[in-house]
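What's in entry_9.pdb: PDB, C-alpha atoms
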```pdb
ATOM      1  CA  GLY A1002     106.360  -0.066  41.703
ATOM      2  CA  HIS A1003     108.487   2.950  40.763
ATOM      3  CA  ALA A1004     106.350   3.761  37.732
ATOM      4  CA  PHE A1005     103.232   3.988  39.909
ATOM      5  CA  ALA A1006     105.023   6.221  42.427
ATOM      6  CA  LEU A1007     106.198   8.456  39.593
ATOM      7  CA  LEU A1008     102.656   8.591  38.190
ATOM      8  CA  ALA A1009     101.259   9.496  41.624
ATOM      9  CA  PHE A1010     103.776  12.306  42.192
ATOM     10  CA  ALA A1011     103.404  13.626  38.637
ATOM     11  CA  THR A1012      99.610  13.684  39.012
ATOM     12  CA  PHE A1013      99.945  15.482  42.341
ATOM     13  CA  GLY A1014     102.260  18.017  40.715
ATOM     14  CA  VAL A1015      99.792  18.666  37.900
ATOM     15  CA  VAL A1016      96.812  19.070  40.258
ATOM     16  CA  ILE A1017      98.501  21.528  42.662
ATOM     17  CA  PRO A1018      98.257  24.566  40.302
ATOM     18  CA  PHE A1019      94.542  23.910  39.775
ATOM     19  CA  TRP A1020      93.991  23.714  43.510
ATOM     20  CA  PHE A1021      96.131  26.774  44.270
ATOM     21  CA  TYR A1022      94.528  29.046  41.680
ATOM     22  CA  ASN A1023      90.994  27.890  42.396
ATOM     23  CA  VAL A1024      91.313  28.236  46.168
ATOM     24  CA  PHE A1025      93.403  31.412  46.354
ATOM     25  CA  GLY A1026      92.706  32.938  42.927
ATOM     26  CA  ASN A1027      90.480  35.883  42.178
ATOM     27  CA  ALA A1028      87.852  35.126  39.513
ATOM     28  CA  GLN A1029      87.405  38.820  38.704
ATOM     29  CA  ARG A1030      91.061  39.014  37.680
ATOM     30  CA  GLY A1031      90.963  35.780  35.697
ATOM     31  CA  HIS A1032      92.764  33.714  38.335
ATOM     32  CA  LYS A1033      90.717  30.571  37.915
ATOM     33  CA  LEU A1034      91.735  27.397  36.112
ATOM     34  CA  PHE A1035      89.203  24.874  34.888
ATOM     35  CA  MET A1036      90.318  21.386  34.046
ATOM     36  CA  GLY A1037      87.501  20.478  31.700
ATOM     37  CA  ASP A1038      86.052  17.075  30.907
ATOM     38  CA  ALA A1039      89.157  15.523  29.347
ATOM     39  CA  GLY A1040      91.335  16.528  32.286
ATOM     40  CA  SER A1041      88.884  15.437  34.966
ATOM     41  CA  LEU A1042      88.216  12.106  33.256
ATOM     42  CA  THR A1043      91.961  11.498  32.915
ATOM     43  CA  LEU A1044      92.474  12.419  36.558
ATOM     44  CA  GLY A1045      89.687  10.028  37.603
ATOM     45  CA  TYR A1046      91.236   7.251  35.521
ATOM     46  CA  ILE A1047      94.669   7.817  37.068
ATOM     47  CA  LEU A1048      93.247   7.851  40.603
ATOM     48  CA  SER A1049      91.318   4.647  39.921
ATOM     49  CA  LEU A1050      94.397   2.989  38.435
ATOM     50  CA  LEU A1051      96.458   3.969  41.478
ATOM     51  CA  ALA A1052      93.752   2.730  43.868
ATOM     52  CA  VAL A1053      93.566  -0.638  42.097
ATOM     53  CA  HIS A1054      97.353  -0.924  42.082
ATOM     54  CA  LEU A1055      97.581  -0.064  45.790
ATOM     55  CA  SER A1056      94.894  -2.604  46.621
ATOM     56  CA  ARG A1057      96.854  -5.297  44.792
ATOM     57  CA  ALA A1058     100.248  -4.248  46.177
ATOM     58  CA  VAL A1059      99.368  -4.891  49.830
ATOM     59  CA  PRO A1060      99.015  -8.565  50.787
ATOM     60  CA  GLU A1061      95.756  -9.765  52.276
ATOM     61  CA  ALA A1062      95.391  -9.997  56.037
ATOM     62  CA  ALA A1063      94.892 -13.313  57.815
ATOM     63  CA  GLY A1064      91.094 -13.001  57.655
ATOM     64  CA  GLY A1065      91.113 -12.622  53.853
ATOM     65  CA  ASP A1066      90.534  -8.852  53.934
ATOM     66  CA  ASN A1067      92.860  -6.578  52.025
ATOM     67  CA  PRO A1068      93.663  -3.499  54.133
ATOM     68  CA  GLY A1069      95.348  -1.831  51.151
ATOM     69  CA  MET A1070      92.148  -2.105  49.136
ATOM     70  CA  VAL A1071      90.075  -0.594  51.949
ATOM     71  CA  LEU A1072      92.439   2.348  52.389
ATOM     72  CA  ALA A1073      92.896   2.884  48.638
ATOM     73  CA  PHE A1074      89.184   3.020  47.963
ATOM     74  CA  SER A1075      88.544   5.097  51.110
ATOM     75  CA  THR A1076      90.106   8.007  49.248
ATOM     76  CA  LEU A1077      87.448   7.636  46.530
ATOM     77  CA  ILE A1078      84.387   7.130  48.744
ATOM     78  CA  VAL A1079      83.047  10.685  48.465
ATOM     79  CA  PRO A1080      82.968  10.832  44.645
ATOM     80  CA  LEU A1081      81.783   7.217  44.368
ATOM     81  CA  PHE A1082      78.966   7.546  46.891
ATOM     82  CA  ASP A1083      77.992  10.937  45.452
ATOM     83  CA  VAL A1084      77.671   9.534  41.924
ATOM     84  CA  ILE A1085      75.648   6.570  43.176
ATOM     85  CA  ARG A1086      73.338   8.881  45.171
ATOM     86  CA  VAL A1087      72.842  11.266  42.241
ATOM     87  CA  VAL A1088      72.103   8.466  39.758
ATOM     88  CA  LEU A1089      69.595   6.875  42.157
ATOM     89  CA  CYS A1090      67.897  10.256  42.732
ATOM     90  CA  ARG A1091      67.657  10.861  38.984
ATOM     91  CA  LEU A1092      66.225   7.396  38.376
ATOM     92  CA  LYS A1093      63.728   7.860  41.215
ATOM     93  CA  ALA A1094      62.609  11.140  39.614
ATOM     94  CA  ARG A1095      62.348   9.284  36.251
ATOM     95  CA  ARG A1096      65.063  11.474  34.734
ATOM     96  CA  ASN A1097      67.950  10.472  32.515
ATOM     97  CA  PRO A1098      70.804   9.529  34.891
ATOM     98  CA  PHE A1099      73.368  10.888  32.412
ATOM     99  CA  LEU A1100      72.005  14.432  32.077
ATOM    100  CA  PRO A1101      73.461  17.134  34.347
ATOM    101  CA  ASP A1102      71.603  18.723  37.230
ATOM    102  CA  LYS A1103      72.391  20.366  40.566
ATOM    103  CA  ARG A1104      72.118  17.280  42.794
ATOM    104  CA  HIS A1105      75.819  16.678  43.465
ATOM    105  CA  LEU A1106      77.272  17.140  46.940
ATOM    106  CA  HIS A1107      78.909  20.486  46.223
ATOM    107  CA  HIS A1108      75.591  21.898  44.922
ATOM    108  CA  LYS A1109      73.798  20.620  48.034
ATOM    109  CA  LEU A1110      76.378  22.232  50.300
ATOM    110  CA  LEU A1111      76.075  25.524  48.400
ATOM    111  CA  ARG A1112      72.304  25.404  48.980
ATOM    112  CA  THR A1113      72.943  25.283  52.744
ATOM    113  CA  GLY A1114      74.395  28.781  52.435
ATOM    114  CA  MET A1115      78.068  27.817  52.511
ATOM    115  CA  ARG A1116      80.578  29.760  50.460
ATOM    116  CA  VAL A1117      82.644  27.989  47.817
ATOM    117  CA  ARG A1118      85.792  27.714  49.959
ATOM    118  CA  ALA A1119      83.768  26.369  52.889
ATOM    119  CA  VAL A1120      82.267  23.760  50.549
ATOM    120  CA  LEU A1121      85.787  22.743  49.479
ATOM    121  CA  ALA A1122      86.935  22.479  53.087
ATOM    122  CA  THR A1123      83.822  20.489  54.020
ATOM    123  CA  ILE A1124      84.279  17.985  51.195
ATOM    124  CA  LEU A1125      87.947  17.560  52.142
ATOM    125  CA  ALA A1126      86.928  17.039  55.785
ATOM    126  CA  ILE A1127      84.354  14.431  54.753
ATOM    127  CA  SER A1128      86.994  12.602  52.705
ATOM    128  CA  LEU A1129      89.451  12.698  55.591
ATOM    129  CA  TYR A1130      86.725  11.420  57.926
ATOM    130  CA  PHE A1131      86.156   8.347  55.757
ATOM    131  CA  ILE A1132      89.890   7.729  55.322
ATOM    132  CA  GLY A1133      90.476   8.024  59.072
ATOM    133  CA  LEU A1134      87.435   5.960  59.998
ATOM    134  CA  ASN A1135      88.393   3.170  57.634
ATOM    135  CA  ALA A1136      92.041   3.271  58.734
ATOM    136  CA  VAL A1137      90.852   2.681  62.312
ATOM    137  CA  LEU A1138      88.356  -0.027  61.322
ATOM    138  CA  VAL A1139      90.440  -1.955  58.778
ATOM    139  CA  GLY A1140      92.219  -4.188  61.278
ATOM    140  CA  ARG A1141      89.274  -4.528  63.651
ATOM    141  CA  VAL A1142      86.256  -5.477  61.528
ATOM    142  CA  GLY A1143      85.698  -7.088  58.140
ATOM    143  CA  VAL A1144      85.302  -5.160  54.898
ATOM    144  CA  ASN A1145      81.557  -5.841  54.775
ATOM    145  CA  TRP A1146      81.106  -4.100  58.130
ATOM    146  CA  ILE A1147      83.343  -1.247  57.002
ATOM    147  CA  LEU A1148      81.210  -0.790  53.902
ATOM    148  CA  ALA A1149      78.018  -0.898  55.989
ATOM    149  CA  ILE A1150      79.399   1.703  58.405
ATOM    150  CA  ASP A1151      80.513   3.892  55.486
ATOM    151  CA  VAL A1152      77.089   3.696  53.830
ATOM    152  CA  ALA A1153      75.333   4.461  57.133
ATOM    153  CA  SER A1154      77.667   7.433  57.705
ATOM    154  CA  TRP A1155      77.014   8.700  54.168
ATOM    155  CA  ILE A1156      73.250   8.422  54.599
ATOM    156  CA  ALA A1157      73.409  10.236  57.961
ATOM    157  CA  LEU A1158      75.502  12.973  56.353
ATOM    158  CA  GLN A1159      73.018  13.376  53.494
ATOM    159  CA  LEU A1160      70.096  13.582  55.922
ATOM    160  CA  ALA A1161      71.921  16.241  57.963
ATOM    161  CA  ILE A1162      72.664  18.270  54.820
ATOM    162  CA  ASN A1163      69.032  17.959  53.711
ATOM    163  CA  GLN A1164      67.919  19.279  57.118
ATOM    164  CA  ARG A1165      70.251  22.297  56.783
ATOM    165  CA  ILE A1166      68.896  23.001  53.294
ATOM    166  CA  LYS A1167      65.292  22.843  54.558
ATOM    167  CA  LYS A1168      66.143  25.098  57.498
ATOM    168  CA  LYS A1169      67.785  27.660  55.205
ATOM    169  CA  GLU A1170      64.870  27.568  52.780
ATOM    170  CA  ARG A1171      62.384  28.094  55.659
ATOM    171  CA  THR A1172      64.296  31.044  57.095
ATOM    172  CA  HIS A1173      64.953  32.709  53.734
ATOM    173  CA  THR A1174      61.594  32.160  52.055
ATOM    174  CA  PRO A1175      59.540  35.336  52.166
ATOM    175  CA  THR A1176      56.085  34.902  53.623
ATOM    176  CA  PRO A1177      53.350  35.724  51.162
ATOM    177  CA  GLN A1178      51.624  39.023  51.835
ATOM    178  CA  PRO A1179      47.814  39.029  51.880
ATOM    179  CA  GLU A1180      46.258  40.758  48.903
ATOM    180  CA  GLN A1181      44.408  43.981  49.589
TER     181      GLN A1181
END
```

Conversion result in structure tokens:
Amino acid sequence: GHAFALLAFATFGVVIPFWFYNVFGNAQRGHKLFMGDAGSLTLGYILSLLAVHLSRAVPEAAGGDNPGMVLAFSTLIVPLFDVIRVVLCRLKARRNPFLPDKRHLHHKLLRTGMRVRAVLATILAISLYFIGLNAVLVGRVGVNWILAIDVASWIALQLAINQRIKKKERTHTPTPQPEQ
């Protein structure tokens, strides 16, 4: 128990400088920190390990559902659903699902015209929405319903973002001038 708490606080302490410099830093003066692949993969592993531990540490409710598991994985819904959506889009387009592109949530939000800090705030708000929603639902409905509601919310969010992108592209696309 104490080792996992220490790991969680140490991870939080390591991530704070990245967040601080990337949110409040000035890129022109070199005030940006990039974690890189090794750091982000390690961070993802630690978060997954902590989520699995938290889901096992809380006993199951009377109905067989584990509220700890629901809340632990609620914190990871945005990256999980985003990866699933991107892989499905790449497969649908008959592209390699492992090659990079600009289909991830932050790229979509940037295409709506948002600035980088607004994108960060939006993604944090989306994460907090899912955490709050699932915290309210966890004692009231089963995990299958929670997952269905989460998926429906994610799809509705993606459709709304797509509409904003289309609206921005329509308003900012120059109309072709007739040739003379």

**Q.** Reference answer for the PyMOL selection byres ((chain A and resi 1125-1128) around 10), as a ChimeraX atom specification
**A.** /A:1075-1080,1119-1124,1129-1134,1155,1158

Q) Between CA of Leu1110 (chain A) and CA of Val1084 (chain A), what is the distance, to one decimal in Å? A) 15.3 Å

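Look at Ala1073 (chain A): the protein and nucleic acid residues within 10 Å of it, using only C-alpha atoms and passing over chain neighbours fewer than 6 places away, are Leu1048, Ser1049, Leu1051, Ala1052, Val1053, His1054, Leu1055, Ser1056, Arg1057 and Ile1132 of chain A.
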
Q. For the point (91.2, -2.7, 59.2) in file coordinates, what residues are within 10 Å, counting all atoms listed in the file? Give the answer as a list of chain:residue names?
A. A:Ala1062, A:Asp1066, A:Asn1067, A:Pro1068, A:Gly1069, A:Val1071, A:Leu1072, A:Leu1134, A:Asn1135, A:Ala1136, A:Val1137, A:Leu1138, A:Val1139, A:Gly1140, A:Arg1141, A:Val1142, A:Gly1143, A:Val1144, A:Ile1147

Q.
Could you check the closest approach to Tyr1046 (chain A) for each of A:Arg1030, A:Ala1009, A:Val1024, A:His1108 and tell me which residue wins, using all atoms listed in the file?
A.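 Counting all atoms listed in the file, the residue closest to Tyr1046 (chain A) is A:Ala1009.
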
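Here CA of Leu1008 (chain A) and CA of Leu1050 (chain A) stand 10.0 Å from one another.
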
(Q) Neighbouring residues of region 1159-1172 of chain A were defined as those with any atom within 7 Å, considering only C-alpha atoms; residues of the same chain fewer than 2 positions away were excluded. Please report them as an MDAnalysis selection string. (A) chainID A and resid 1112:1113 1155:1157 1174

**Q.** Between CA of Val1088 (chain A) and CA of His1105 (chain A), distance in Å (one decimal)
**A.**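 Straight-line distance from CA of Val1088 (chain A) to CA of His1105 (chain A) works out to 9.7 Å.
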
Q.
Let me make sure I understand: among A:Phe1074, A:Phe1019, A:Arg1095, A:Gly1014, which one has the smallest atom-to-atom distance to Leu1034 (chain A) if we use only C-alpha atoms?
A.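 Residue with the minimum atom-to-atom distance to Leu1034 (chain A): A:Phe1019.
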
Q: Could you give me, as a PyMOL selection string, the residues within 12 Å of Val1016 (chain A), counting all atoms listed in the file and dropping anything in the same chain fewer than 6 positions from it?
A: chain A and resi 1009-1010+1022-1023+1034-1036+1040-1041+1043-1045+1047-1048
